[in-house]
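**Student:** Enclosed is the structure file data.cif (mmCIF, C-alpha atoms).
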data_run
loop_
_atom_site.label_atom_id
_atom_site.label_comp_id
_atom_site.auth_asym_id
_atom_site.auth_seq_id
_atom_site.Cartn_x
_atom_site.Cartn_y
_atom_site.Cartn_z
CA MET A 1 -0.87 94.03 -55.36
CA LEU A 2 -3.85 92.13 -56.81
CA TRP A 3 -6.29 94.08 -54.66
CA TYR A 4 -4.72 97.35 -55.81
CA LYS A 5 -4.83 96.26 -59.45
CA THR A 6 -8.51 95.38 -59.09
CA TRP A 7 -9.12 98.80 -57.55
CA LEU A 8 -7.41 100.45 -60.53
CA ASP A 9 -9.61 98.45 -62.90
CA THR A 10 -12.89 99.36 -61.18
CA ARG A 11 -12.27 102.74 -59.57
CA SER A 12 -13.70 104.83 -62.43
CA ARG A 13 -17.03 102.97 -62.29
CA PHE A 14 -17.08 103.08 -58.48
CA LEU A 15 -16.25 106.79 -58.20
CA ALA A 16 -18.77 107.72 -60.89
CA GLY A 17 -21.46 105.75 -59.08
CA LEU A 18 -20.58 107.28 -55.71
CA ALA A 19 -20.66 110.83 -57.07
CA LEU A 20 -23.98 110.26 -58.83
CA LEU A 21 -25.60 108.65 -55.79
CA LEU A 22 -24.38 111.35 -53.40
CA LEU A 23 -25.79 114.02 -55.69
CA SER A 24 -29.09 112.17 -55.94
CA ALA A 25 -29.31 111.65 -52.17
CA GLY A 26 -28.65 115.32 -51.48
CA SER A 27 -31.24 116.49 -53.99
CA THR A 28 -33.83 114.06 -52.59
CA VAL A 29 -33.55 115.64 -49.14
CA LEU A 30 -33.26 119.28 -50.21
CA ILE A 31 -36.27 119.15 -52.54
CA TYR A 32 -38.68 117.96 -49.84
CA PRO A 33 -39.64 121.47 -48.51
CA GLN A 34 -40.85 122.42 -52.01
CA VAL A 35 -42.76 119.14 -52.29
CA ALA A 36 -44.41 119.71 -48.90
CA GLN A 37 -45.51 123.20 -49.96
CA LEU A 38 -47.04 121.96 -53.20
CA LEU A 39 -48.95 119.02 -51.74
CA PRO A 40 -51.97 121.04 -50.46
CA THR A 41 -52.46 122.49 -53.94
CA VAL A 42 -52.49 119.12 -55.71
CA PRO A 43 -56.07 118.13 -56.67
CA GLU A 44 -57.47 114.66 -56.11
CA THR A 45 -56.47 112.43 -59.00
CA ALA A 46 -59.20 110.94 -61.16
CA LEU A 47 -56.88 108.30 -62.61
CA THR A 48 -57.91 104.70 -62.20
CA GLY A 49 -56.13 101.39 -62.46
CA ALA A 50 -52.50 100.73 -61.58
CA ILE A 51 -51.31 104.20 -62.60
CA GLY A 52 -53.95 105.95 -60.52
CA ARG A 53 -53.13 103.77 -57.53
CA GLN A 54 -49.42 104.56 -57.82
CA VAL A 55 -50.08 108.31 -58.10
CA ARG A 56 -52.35 108.33 -55.06
CA GLU A 57 -49.86 106.27 -53.05
CA ALA A 58 -47.01 108.62 -54.00
CA LEU A 59 -49.02 111.65 -52.88
CA GLU A 60 -49.98 109.98 -49.60
CA LEU A 61 -46.41 108.90 -48.81
CA SER A 62 -45.09 112.38 -49.59
CA ARG A 63 -47.13 113.88 -46.75
CA THR A 64 -44.42 112.69 -44.34
CA PHE A 65 -40.68 113.08 -44.72
CA GLU A 66 -40.09 109.40 -43.91
CA GLY A 67 -42.57 108.27 -46.55
CA PHE A 68 -41.15 110.66 -49.14
CA VAL A 69 -37.57 109.54 -48.54
CA TRP A 70 -38.50 105.87 -48.64
CA ARG A 71 -40.37 106.13 -51.93
CA GLU A 72 -38.10 108.59 -53.74
CA TRP A 73 -34.76 107.36 -52.42
CA PHE A 74 -35.02 103.76 -51.22
CA VAL A 75 -37.59 102.63 -53.83
CA ASN A 76 -36.73 104.71 -56.89
CA ASN A 77 -33.41 106.58 -57.07
CA LEU A 78 -31.08 104.41 -54.99
CA PRO A 79 -32.06 100.89 -56.17
CA LYS A 80 -32.17 101.78 -59.85
CA THR A 81 -28.87 103.66 -59.91
CA TRP A 82 -27.16 101.18 -57.59
CA ALA A 83 -28.37 98.23 -59.67
CA LEU A 84 -26.90 99.81 -62.81
CA PHE A 85 -23.46 100.16 -61.22
CA ALA A 86 -23.72 96.67 -59.68
CA ILE A 87 -24.15 95.33 -63.20
CA LEU A 88 -21.30 97.48 -64.53
CA LEU A 89 -18.95 96.35 -61.75
CA GLY A 90 -19.84 92.74 -62.46
CA ALA A 91 -18.97 93.07 -66.15
CA GLY A 92 -15.54 92.48 -67.64
CA GLY A 93 -12.90 90.44 -65.90
CA LEU A 94 -10.22 87.99 -66.96
CA LEU A 95 -12.11 86.32 -69.80
CA SER A 96 -12.96 89.51 -71.68
CA GLN A 97 -9.45 90.93 -71.06
CA ALA A 98 -7.81 87.74 -72.31
CA SER A 99 -9.97 87.73 -75.44
CA ARG A 100 -8.60 91.17 -76.29
CA GLY A 101 -5.00 90.09 -75.70
CA GLY A 102 -4.76 91.38 -72.13
CA ALA A 103 -4.57 89.75 -68.70
CA MET A 104 -1.55 87.64 -69.70
CA PHE A 105 0.60 89.14 -66.95
CA THR A 106 -2.12 88.56 -64.36
CA LEU A 107 -2.63 84.95 -65.46
CA SER A 108 1.14 84.33 -65.30
CA LEU A 109 1.29 85.22 -61.61
CA PRO A 110 1.67 82.35 -59.10
CA VAL A 111 -1.96 82.70 -58.04
CA SER A 112 -4.85 80.41 -58.93
CA ARG A 113 -7.61 81.64 -61.19
CA GLU A 114 -10.08 81.05 -58.38
CA ARG A 115 -8.06 83.36 -56.14
CA LEU A 116 -8.00 86.03 -58.85
CA LEU A 117 -11.75 85.75 -59.22
CA ASP A 118 -12.28 85.88 -55.45
CA ILE A 119 -10.27 89.09 -55.19
CA ARG A 120 -12.18 90.72 -58.01
CA ALA A 121 -15.53 89.71 -56.55
CA GLY A 122 -14.50 90.80 -53.04
CA ALA A 123 -13.31 94.20 -54.24
CA ALA A 124 -16.45 94.83 -56.28
CA LEU A 125 -18.76 93.75 -53.43
CA SER A 126 -16.90 96.06 -51.04
CA GLU A 127 -17.41 98.95 -53.45
CA LEU A 128 -21.10 98.09 -53.79
CA LEU A 129 -21.49 98.06 -50.01
CA VAL A 130 -20.05 101.57 -49.89
CA LEU A 131 -22.38 102.66 -52.71
CA ALA A 132 -25.37 101.32 -50.76
CA ILE A 133 -24.53 102.81 -47.36
CA VAL A 134 -22.64 106.09 -47.78
CA PRO A 135 -25.23 107.98 -49.90
CA SER A 136 -27.98 106.89 -47.49
CA LEU A 137 -25.95 108.24 -44.58
CA LEU A 138 -25.95 111.58 -46.38
CA VAL A 139 -29.75 111.55 -46.15
CA VAL A 140 -29.46 111.23 -42.35
CA VAL A 141 -26.83 113.97 -42.13
CA LEU A 142 -28.65 116.46 -44.39
CA SER A 143 -32.13 116.02 -42.93
CA PRO A 144 -31.66 118.50 -40.04
CA SER A 145 -30.75 121.21 -42.58
CA ILE A 146 -34.41 121.29 -43.71
CA GLY A 147 -35.85 120.87 -40.23
CA GLN A 148 -36.41 117.12 -40.52
CA SER A 149 -34.79 114.00 -39.10
CA TYR A 150 -34.23 110.50 -40.40
CA ARG A 151 -33.31 107.54 -38.21
CA LEU A 152 -29.85 106.11 -38.76
CA ALA A 153 -31.10 102.60 -37.97
CA ASP A 154 -33.73 102.80 -40.72
CA ALA A 155 -31.21 104.03 -43.27
CA LEU A 156 -28.88 101.15 -42.41
CA VAL A 157 -31.64 98.53 -42.65
CA TYR A 158 -32.72 99.76 -46.09
CA SER A 159 -29.13 100.01 -47.31
CA VAL A 160 -28.14 96.52 -46.12
CA CYS A 161 -31.30 94.99 -47.63
CA LEU A 162 -30.48 96.71 -50.91
CA PHE A 163 -26.93 95.38 -50.84
CA ILE A 164 -27.77 91.78 -49.95
CA ALA A 165 -30.69 91.38 -52.35
CA GLY A 166 -29.10 93.45 -55.11
CA THR A 167 -25.96 91.34 -55.25
CA VAL A 168 -28.06 88.90 -57.31
CA LEU A 169 -27.68 91.32 -60.23
CA PHE A 170 -23.94 91.66 -59.68
CA SER A 171 -23.45 87.91 -59.30
CA LEU A 172 -25.43 87.10 -62.44
CA THR A 173 -23.38 89.58 -64.47
CA PHE A 174 -20.21 88.22 -62.89
CA LEU A 175 -21.22 84.67 -63.83
CA LEU A 176 -22.09 85.60 -67.41
CA SER A 177 -18.73 87.35 -67.70
CA THR A 178 -17.10 83.93 -67.31
CA VAL A 179 -19.27 82.58 -70.15
CA PHE A 180 -19.09 85.33 -72.81
CA THR A 181 -15.79 86.77 -74.03
CA ASP A 182 -17.15 90.23 -74.90
CA ILE A 183 -17.62 92.83 -72.18
CA TRP A 184 -21.06 94.15 -73.19
CA ARG A 185 -23.23 91.06 -73.62
CA PRO A 186 -23.42 90.09 -69.90
CA PRO A 187 -24.57 93.54 -68.65
CA LEU A 188 -27.07 93.90 -71.49
CA ILE A 189 -28.60 90.51 -70.69
CA VAL A 190 -28.88 91.32 -66.98
CA VAL A 191 -30.34 94.80 -67.67
CA CYS A 192 -33.04 93.20 -69.83
CA ILE A 193 -33.79 90.63 -67.11
CA ALA A 194 -33.97 93.34 -64.43
CA MET A 195 -36.34 95.45 -66.55
CA CYS A 196 -38.63 92.47 -67.13
CA VAL A 197 -38.69 91.70 -63.41
CA SER A 198 -39.47 95.34 -62.61
CA PHE A 199 -42.34 95.50 -65.11
CA MET A 200 -43.76 92.25 -63.77
CA GLU A 201 -43.68 93.57 -60.20
CA GLN A 202 -45.55 96.72 -61.21
CA ALA A 203 -48.14 94.79 -63.20
CA ILE A 204 -49.02 92.30 -60.46
CA GLN A 205 -50.60 94.07 -57.49
CA GLY A 206 -49.51 92.79 -54.09
CA LEU A 207 -46.34 91.15 -55.42
CA SER A 208 -43.98 94.07 -54.84
CA ARG A 209 -42.99 93.44 -51.24
CA TYR A 210 -42.11 89.78 -51.97
CA SER A 211 -40.21 90.43 -55.21
CA LEU A 212 -36.55 91.16 -55.84
CA PHE A 213 -36.95 94.94 -55.89
CA GLY A 214 -39.39 94.73 -53.01
CA VAL A 215 -36.70 93.06 -50.90
CA MET A 216 -34.11 95.55 -52.14
CA SER A 217 -36.30 98.44 -50.94
CA ALA A 218 -37.29 96.57 -47.72
CA GLU A 219 -40.97 97.34 -48.33
CA SER A 220 -42.10 94.98 -45.59
CA TYR A 221 -39.89 96.84 -43.11
CA PHE A 222 -41.34 100.21 -44.11
CA ARG A 223 -44.96 99.06 -43.97
CA ASP A 224 -44.92 96.52 -41.14
CA GLY A 225 -41.55 96.92 -39.42
CA ALA A 226 -40.57 93.39 -40.52
CA VAL A 227 -37.16 92.81 -42.07
CA PRO A 228 -37.57 90.59 -45.19
CA TRP A 229 -35.41 87.78 -43.82
CA LEU A 230 -36.69 85.10 -46.20
CA GLY A 231 -36.04 87.24 -49.25
CA LEU A 232 -32.57 88.11 -47.98
CA VAL A 233 -31.69 84.46 -47.38
CA ILE A 234 -32.95 83.44 -50.83
CA THR A 235 -31.13 86.23 -52.68
CA ALA A 236 -27.92 85.73 -50.69
CA SER A 237 -27.99 82.00 -51.43
CA ALA A 238 -28.61 82.63 -55.13
CA SER A 239 -25.72 85.11 -55.24
CA ALA A 240 -23.37 82.68 -53.51
CA ALA A 241 -24.36 79.91 -55.93
CA MET A 242 -23.70 82.08 -58.97
CA LEU A 243 -20.33 83.24 -57.65
CA TYR A 244 -19.39 79.60 -57.07
CA LEU A 245 -20.40 78.71 -60.64
CA ALA A 246 -18.29 81.60 -61.88
CA ARG A 247 -15.26 80.10 -60.12
CA VAL A 248 -15.97 76.70 -61.69
CA ASN A 249 -16.34 78.21 -65.16
CA MET A 250 -13.12 80.18 -64.86
CA ALA A 251 -11.16 77.12 -63.72
CA ARG A 252 -12.26 75.26 -66.87
CA HIS A 253 -11.15 77.91 -69.36
CA ASP A 254 -8.02 77.32 -71.41
CA PHE A 255 -6.25 80.64 -71.98
#
For this file, produce the structure as C-alpha cells.
**Tutor:**
Amino acid sequence: MLWYKTWLDTRSRFLAGLALLLLSAGSTVLIYPQVAQLLPTVPETALTGAIGRQVREALELSRTFEGFVWREWFVNNLPKTWALFAILLGAGGLLSQASRGGAMFTLSLPVSRERLLDIRAGAALSELLVLAIVPSLLVVVLSPSIGQSYRLADALVYSVCLFIAGTVLFSLTFLLSTVFTDIWRPPLIVVCIAMCVSFMEQAIQGLSRYSLFGVMSAESYFRDGAVPWLGLVITASASAAMLYLARVNMARHDF
C-alpha cells in the first residue's frame, strides 16, 4: 500500500519526465540527417576562446552519428532534463506535507518514519532509473530508421553513469526536504548549486570529464573507452551519505 501511495504521489512528475525525454530522444535521432546535410555548408568558425572551442568541437563531433548523439543527447538534452526531474522527485515528502496539515494518516500507520522514507526514496530512484534508461533505448531502436546504428552497450553505459552520478542531485534535494518545511526551497537551492557547478565546469578547461556532469555524461568512456569508476564511487557514496542523513533528520522531527 505504501509503495502504491508513493507512486500516486510521484506519478505525475515521473510520467511528465518520461514523455518529455522520449520526445527529446526521438527528435535527437530524427534530426541527424538534416544536420549531416548542413555540415558541409558550414564555414570555418573564426570564434576564439572557450566559445569558439565549443563550437568547433560540436561541429567535429556532429560529423559522426555516435559523436552527435553523445553530445546532443548524453551531454546536453538527457542530463539537463533528467537532473530537473531528479530534483523534482526529491522535493516534497512527509515534512512538507505535515506542515500543510497532511500526512497525518501516513504517520499514524504502524510503520517507522525511516521505513516510510526508504520507500519514498526507493520508489523515486526506481523512477529515475527508468527515466535514464528507457529514452536512451529509444535512440538505439530509432537509429536504423535513418540508416544509422547505435550500440546498446554504449547506451546502457551512458545511462547507468547518468543515474549513479546524478542521484547526488536527487539525494541532496531529498535531504533538504527533511530540513525545510516548504516544498520549493530545497529544489531551488539544488538548482542553483547545479547551475554553479555547470558554469564552473565550462569555465575551467580540462575539468569536464572529472566533474559531476562529466561523470554523468561518461565523457571518459566516450573519449577513451574508460568507465569513470572513481567518479561513480564518489558520487554513489555521497548519495548514500545524504540519504542516511535524511533518515536521521526525519527520525528527530516531532510531528
**Student:** Apply the PyMOL selection byres ((chain A and resi 83-88) around 9) to the displayed file and report the matching residues as an MDAnalysis selection string.
**Tutor:** chainID A and resid 13:14 16:17 78:82 89:92 124:125 128 131 166:167 169:174 186:188 190:191 194
**Student:** Quick one: which residues end up in the PyMOL selection byres ((chain A and resi 219) around 10) for this structure, as an MDAnalysis selection string?
**Tutor:** chainID A and resid 70:71 74:75 158 161 208:211 213:218 220:228
**Student:** Which one of A:Pro33, A:Leu175, A:Arg56, A:Ser149 sits closest to Val248 (chain A) if you count all atoms listed in the file?
**Tutor:**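 Ranking A:Pro33, A:Leu175, A:Arg56, A:Ser149 by distance to Val248 (chain A), first place goes to A:Leu175.
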**Student:** Report the residues retrieved by the PyMOL selection byres ((chain A and resi 19-22) around 10) from the displayed file, expressed as an mmCIF file with C-alpha atoms, in the frame of the given file.
**Tutor:**
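Contents of selection28.cif, freshly written:
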data_model
loop_
_atom_site.group_PDB
_atom_site.id
_atom_site.type_symbol
_atom_site.label_atom_id
_atom_site.label_comp_id
_atom_site.auth_asym_id
_atom_site.auth_seq_id
_atom_site.Cartn_x
_atom_site.Cartn_y
_atom_site.Cartn_z
ATOM 1 C CA PHE A 14 -17.080 103.080 -58.480
ATOM 2 C CA LEU A 15 -16.250 106.790 -58.200
ATOM 3 C CA ALA A 16 -18.770 107.720 -60.890
ATOM 4 C CA GLY A 17 -21.460 105.750 -59.080
ATOM 5 C CA LEU A 18 -20.580 107.280 -55.710
ATOM 6 C CA LEU A 23 -25.790 114.020 -55.690
ATOM 7 C CA SER A 24 -29.090 112.170 -55.940
ATOM 8 C CA ALA A 25 -29.310 111.650 -52.170
ATOM 9 C CA GLY A 26 -28.650 115.320 -51.480
ATOM 10 C CA SER A 27 -31.240 116.490 -53.990
ATOM 11 C CA THR A 28 -33.830 114.060 -52.590
ATOM 12 C CA TRP A 73 -34.760 107.360 -52.420
ATOM 13 C CA ASN A 77 -33.410 106.580 -57.070
ATOM 14 C CA LEU A 78 -31.080 104.410 -54.990
ATOM 15 C CA THR A 81 -28.870 103.660 -59.910
ATOM 16 C CA TRP A 82 -27.160 101.180 -57.590
ATOM 17 C CA LEU A 131 -22.380 102.660 -52.710
ATOM 18 C CA ALA A 132 -25.370 101.320 -50.760
ATOM 19 C CA VAL A 134 -22.640 106.090 -47.780
ATOM 20 C CA PRO A 135 -25.230 107.980 -49.900
ATOM 21 C CA SER A 136 -27.980 106.890 -47.490
ATOM 22 C CA LEU A 137 -25.950 108.240 -44.580
ATOM 23 C CA LEU A 138 -25.950 111.580 -46.380
ATOM 24 C CA VAL A 139 -29.750 111.550 -46.150
#
**Student:** Taking all atoms listed in the file into account, name the residue in A:Leu156, A:Val29, A:Val140, A:Ile119 that is nearest to Phe68 (chain A).
**Tutor:** A:Val29
**Student:** Could you name the residues that touch Glu114 (chain A) at 9 Å or less, counting only C-alpha atoms, but leaving out those on the same chain fewer than 4 positions away, as a PDB file with C-alpha atoms, keeping the file's coordinate frame?
**Tutor:**
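Saved to around39.pdb:
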ATOM      1  CA  ASP A 118     -12.280  85.880 -55.450  1.00  0.00           C
ATOM      2  CA  ILE A 119     -10.270  89.090 -55.190  1.00  0.00           C
ATOM      3  CA  ALA A 246     -18.290  81.600 -61.880  1.00  0.00           C
ATOM      4  CA  ARG A 247     -15.260  80.100 -60.120  1.00  0.00           C
ATOM      5  CA  VAL A 248     -15.970  76.700 -61.690  1.00  0.00           C
ATOM      6  CA  MET A 250     -13.120  80.180 -64.860  1.00  0.00           C
ATOM      7  CA  ALA A 251     -11.160  77.120 -63.720  1.00  0.00           C
TER       8      ALA A 251
END
**Student:** Using all atoms listed in the file for the distances, tell me which of A:Thr10, A:Thr64, A:Asn249, A:Ser143 is nearest to Gln37 (chain A).
**Tutor:**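 Smallest distance to Gln37 (chain A) is found for A:Thr64.
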**Student:** Give me the residues near Ile234 (chain A) as a ChimeraX atom specification, where near means some atom within 10 Å (using all atoms listed in the file) and where sequence neighbours in that chain fewer than 3 positions away do not count.
**Tutor:** /A:164-165,168,212,229-231,237-240
**Student:** Create the file for the chosen residues now, containing C-alpha atoms and written as a compact mmCIF listing (two decimals), in the coordinates of the input.
**Tutor:**
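Dumped everything to part_6.txt:
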# COMPACT_ATOMS: atom_id res chain seq x y z
CA ILE A 164 -27.77 91.78 -49.95
CA ALA A 165 -30.69 91.38 -52.35
CA VAL A 168 -28.06 88.90 -57.31
CA LEU A 212 -36.55 91.16 -55.84
CA TRP A 229 -35.41 87.78 -43.82
CA LEU A 230 -36.69 85.10 -46.20
CA GLY A 231 -36.04 87.24 -49.25
CA SER A 237 -27.99 82.00 -51.43
CA ALA A 238 -28.61 82.63 -55.13
CA SER A 239 -25.72 85.11 -55.24
CA ALA A 240 -23.37 82.68 -53.51
**Student:** Just the number, please: distance in Å from CA of Tyr244 (chain A) to CA of Ser12 (chain A), one decimal.
**Tutor:**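 Separating CA of Tyr244 (chain A) from CA of Ser12 (chain A) is a distance of 26.4 Å.
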**Student:** How far is it from CA of Phe199 (chain A) to CA of Thr235 (chain A), in Å with one decimal?
**Tutor:**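 Atom-to-atom, CA of Phe199 (chain A) and CA of Thr235 (chain A) are spaced 19.1 Å apart.
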**Student:** Step by step, gather every atom of region 160-179 of chain A that the file lists, find the box along x, y and z that holds them, add 5 Å on each side, and finally give centre and edge lengths in Å to one decimal, as AutoDock Vina command-line options.
**Tutor:**
--center_x -24.2 --center_y 89.6 --center_z -58.1 --size_x 24.2 --size_y 24.1 --size_z 34.0
**Student:** Using only C-alpha atoms for the distances, tell me which of A:Met242, A:Leu129, A:Leu2, A:Val141 is nearest to Arg115 (chain A).
**Tutor:** A:Leu2
**Student:** Taking all atoms listed in the file into account, name the residue in A:Ala58, A:Ala123, A:Leu176, A:Leu38 that is nearest to Ile189 (chain A).
**Tutor:** A:Leu176
**Student:** In Å to one decimal, how far is CA of Val157 (chain A) from CA of Leu117 (chain A)?
**Tutor:** 28.9 Å
**Student:** My list of candidates is A:Leu245, A:Met195, A:Gly147, A:Leu232. Which is closest to Ser177 (chain A) when distances are computed with all atoms listed in the file?
**Tutor:** A:Leu245
**Student:** Starting from the incomplete input, reconstruct N, CA and C atoms of region 213-243 of chain A and write that as an mmCIF file, keeping the file's coordinate frame.
**Tutor:**
data_model
loop_
_atom_site.group_PDB
_atom_site.id
_atom_site.type_symbol
_atom_site.label_atom_id
_atom_site.label_comp_id
_atom_site.auth_asym_id
_atom_site.auth_seq_id
_atom_site.Cartn_x
_atom_site.Cartn_y
_atom_site.Cartn_z
ATOM 1 N N PHE A 213 -37.068 93.512 -56.197
ATOM 2 C CA PHE A 213 -36.950 94.940 -55.890
ATOM 3 C C PHE A 213 -37.702 95.303 -54.622
ATOM 4 N N GLY A 214 -38.710 94.510 -54.280
ATOM 5 C CA GLY A 214 -39.390 94.730 -53.010
ATOM 6 C C GLY A 214 -38.487 94.422 -51.829
ATOM 7 N N VAL A 215 -37.681 93.380 -51.954
ATOM 8 C CA VAL A 215 -36.700 93.060 -50.900
ATOM 9 C C VAL A 215 -35.587 94.098 -50.894
ATOM 10 N N MET A 216 -35.159 94.538 -52.066
ATOM 11 C CA MET A 216 -34.110 95.550 -52.140
ATOM 12 C C MET A 216 -34.531 96.856 -51.469
ATOM 13 N N SER A 217 -35.807 97.212 -51.568
ATOM 14 C CA SER A 217 -36.300 98.440 -50.940
ATOM 15 C C SER A 217 -36.841 98.194 -49.530
ATOM 16 N N ALA A 218 -36.803 96.931 -49.066
ATOM 17 C CA ALA A 218 -37.290 96.570 -47.720
ATOM 18 C C ALA A 218 -38.697 97.098 -47.484
ATOM 19 N N GLU A 219 -39.600 96.827 -48.431
ATOM 20 C CA GLU A 219 -40.970 97.340 -48.330
ATOM 21 C C GLU A 219 -41.678 96.802 -47.095
ATOM 22 N N SER A 220 -41.444 95.547 -46.763
ATOM 23 C CA SER A 220 -42.100 94.980 -45.590
ATOM 24 C C SER A 220 -41.637 95.665 -44.309
ATOM 25 N N TYR A 221 -40.390 96.135 -44.288
ATOM 26 C CA TYR A 221 -39.890 96.840 -43.110
ATOM 27 C C TYR A 221 -40.548 98.218 -42.998
ATOM 28 N N PHE A 222 -40.718 98.885 -44.133
ATOM 29 C CA PHE A 222 -41.340 100.210 -44.110
ATOM 30 C C PHE A 222 -42.811 100.117 -43.695
ATOM 31 N N ARG A 223 -43.525 99.135 -44.219
ATOM 32 C CA ARG A 223 -44.960 99.060 -43.970
ATOM 33 C C ARG A 223 -45.313 98.355 -42.663
ATOM 34 N N ASP A 224 -44.557 97.333 -42.308
ATOM 35 C CA ASP A 224 -44.920 96.520 -41.140
ATOM 36 C C ASP A 224 -43.825 96.456 -40.078
ATOM 37 N N GLY A 225 -42.657 97.007 -40.361
ATOM 38 C CA GLY A 225 -41.550 96.920 -39.420
ATOM 39 C C GLY A 225 -40.871 95.566 -39.420
ATOM 40 N N ALA A 226 -41.132 94.742 -40.455
ATOM 41 C CA ALA A 226 -40.570 93.390 -40.520
ATOM 42 C C ALA A 226 -39.464 93.332 -41.572
ATOM 43 N N VAL A 227 -38.261 92.980 -41.141
ATOM 44 C CA VAL A 227 -37.160 92.810 -42.070
ATOM 45 C C VAL A 227 -37.444 91.598 -42.960
ATOM 46 N N PRO A 228 -37.252 91.710 -44.288
ATOM 47 C CA PRO A 228 -37.570 90.590 -45.190
ATOM 48 C C PRO A 228 -36.513 89.490 -45.152
ATOM 49 N N TRP A 229 -36.464 88.773 -44.023
ATOM 50 C CA TRP A 229 -35.410 87.780 -43.820
ATOM 51 C C TRP A 229 -35.429 86.689 -44.880
ATOM 52 N N LEU A 230 -36.613 86.188 -45.216
ATOM 53 C CA LEU A 230 -36.690 85.100 -46.200
ATOM 54 C C LEU A 230 -36.145 85.539 -47.549
ATOM 55 N N GLY A 231 -36.546 86.724 -47.986
ATOM 56 C CA GLY A 231 -36.040 87.240 -49.250
ATOM 57 C C GLY A 231 -34.546 87.449 -49.228
ATOM 58 N N LEU A 232 -34.013 87.897 -48.101
ATOM 59 C CA LEU A 232 -32.570 88.110 -47.980
ATOM 60 C C LEU A 232 -31.811 86.794 -48.034
ATOM 61 N N VAL A 233 -32.346 85.773 -47.365
ATOM 62 C CA VAL A 233 -31.690 84.460 -47.380
ATOM 63 C C VAL A 233 -31.700 83.879 -48.797
ATOM 64 N N ILE A 234 -32.837 83.998 -49.487
ATOM 65 C CA ILE A 234 -32.950 83.440 -50.830
ATOM 66 C C ILE A 234 -32.000 84.151 -51.794
ATOM 67 N N THR A 235 -31.990 85.473 -51.754
ATOM 68 C CA THR A 235 -31.130 86.230 -52.680
ATOM 69 C C THR A 235 -29.652 86.021 -52.353
ATOM 70 N N ALA A 236 -29.318 85.967 -51.068
ATOM 71 C CA ALA A 236 -27.920 85.730 -50.690
ATOM 72 C C ALA A 236 -27.465 84.352 -51.144
ATOM 73 N N SER A 237 -28.331 83.362 -50.999
ATOM 74 C CA SER A 237 -27.990 82.000 -51.430
ATOM 75 C C SER A 237 -27.825 81.938 -52.948
ATOM 76 N N ALA A 238 -28.710 82.611 -53.667
ATOM 77 C CA ALA A 238 -28.610 82.630 -55.130
ATOM 78 C C ALA A 238 -27.319 83.320 -55.571
ATOM 79 N N SER A 239 -26.957 84.405 -54.909
ATOM 80 C CA SER A 239 -25.720 85.110 -55.240
ATOM 81 C C SER A 239 -24.509 84.219 -54.985
ATOM 82 N N ALA A 240 -24.485 83.561 -53.842
ATOM 83 C CA ALA A 240 -23.370 82.680 -53.510
ATOM 84 C C ALA A 240 -23.245 81.545 -54.525
ATOM 85 N N ALA A 241 -24.385 80.991 -54.947
ATOM 86 C CA ALA A 241 -24.360 79.910 -55.930
ATOM 87 C C ALA A 241 -23.806 80.377 -57.263
ATOM 88 N N MET A 242 -24.194 81.562 -57.693
ATOM 89 C CA MET A 242 -23.700 82.080 -58.970
ATOM 90 C C MET A 242 -22.220 82.431 -58.914
ATOM 91 N N LEU A 243 -21.758 82.949 -57.789
ATOM 92 C CA LEU A 243 -20.330 83.240 -57.650
ATOM 93 C C LEU A 243 -19.517 81.943 -57.651
#
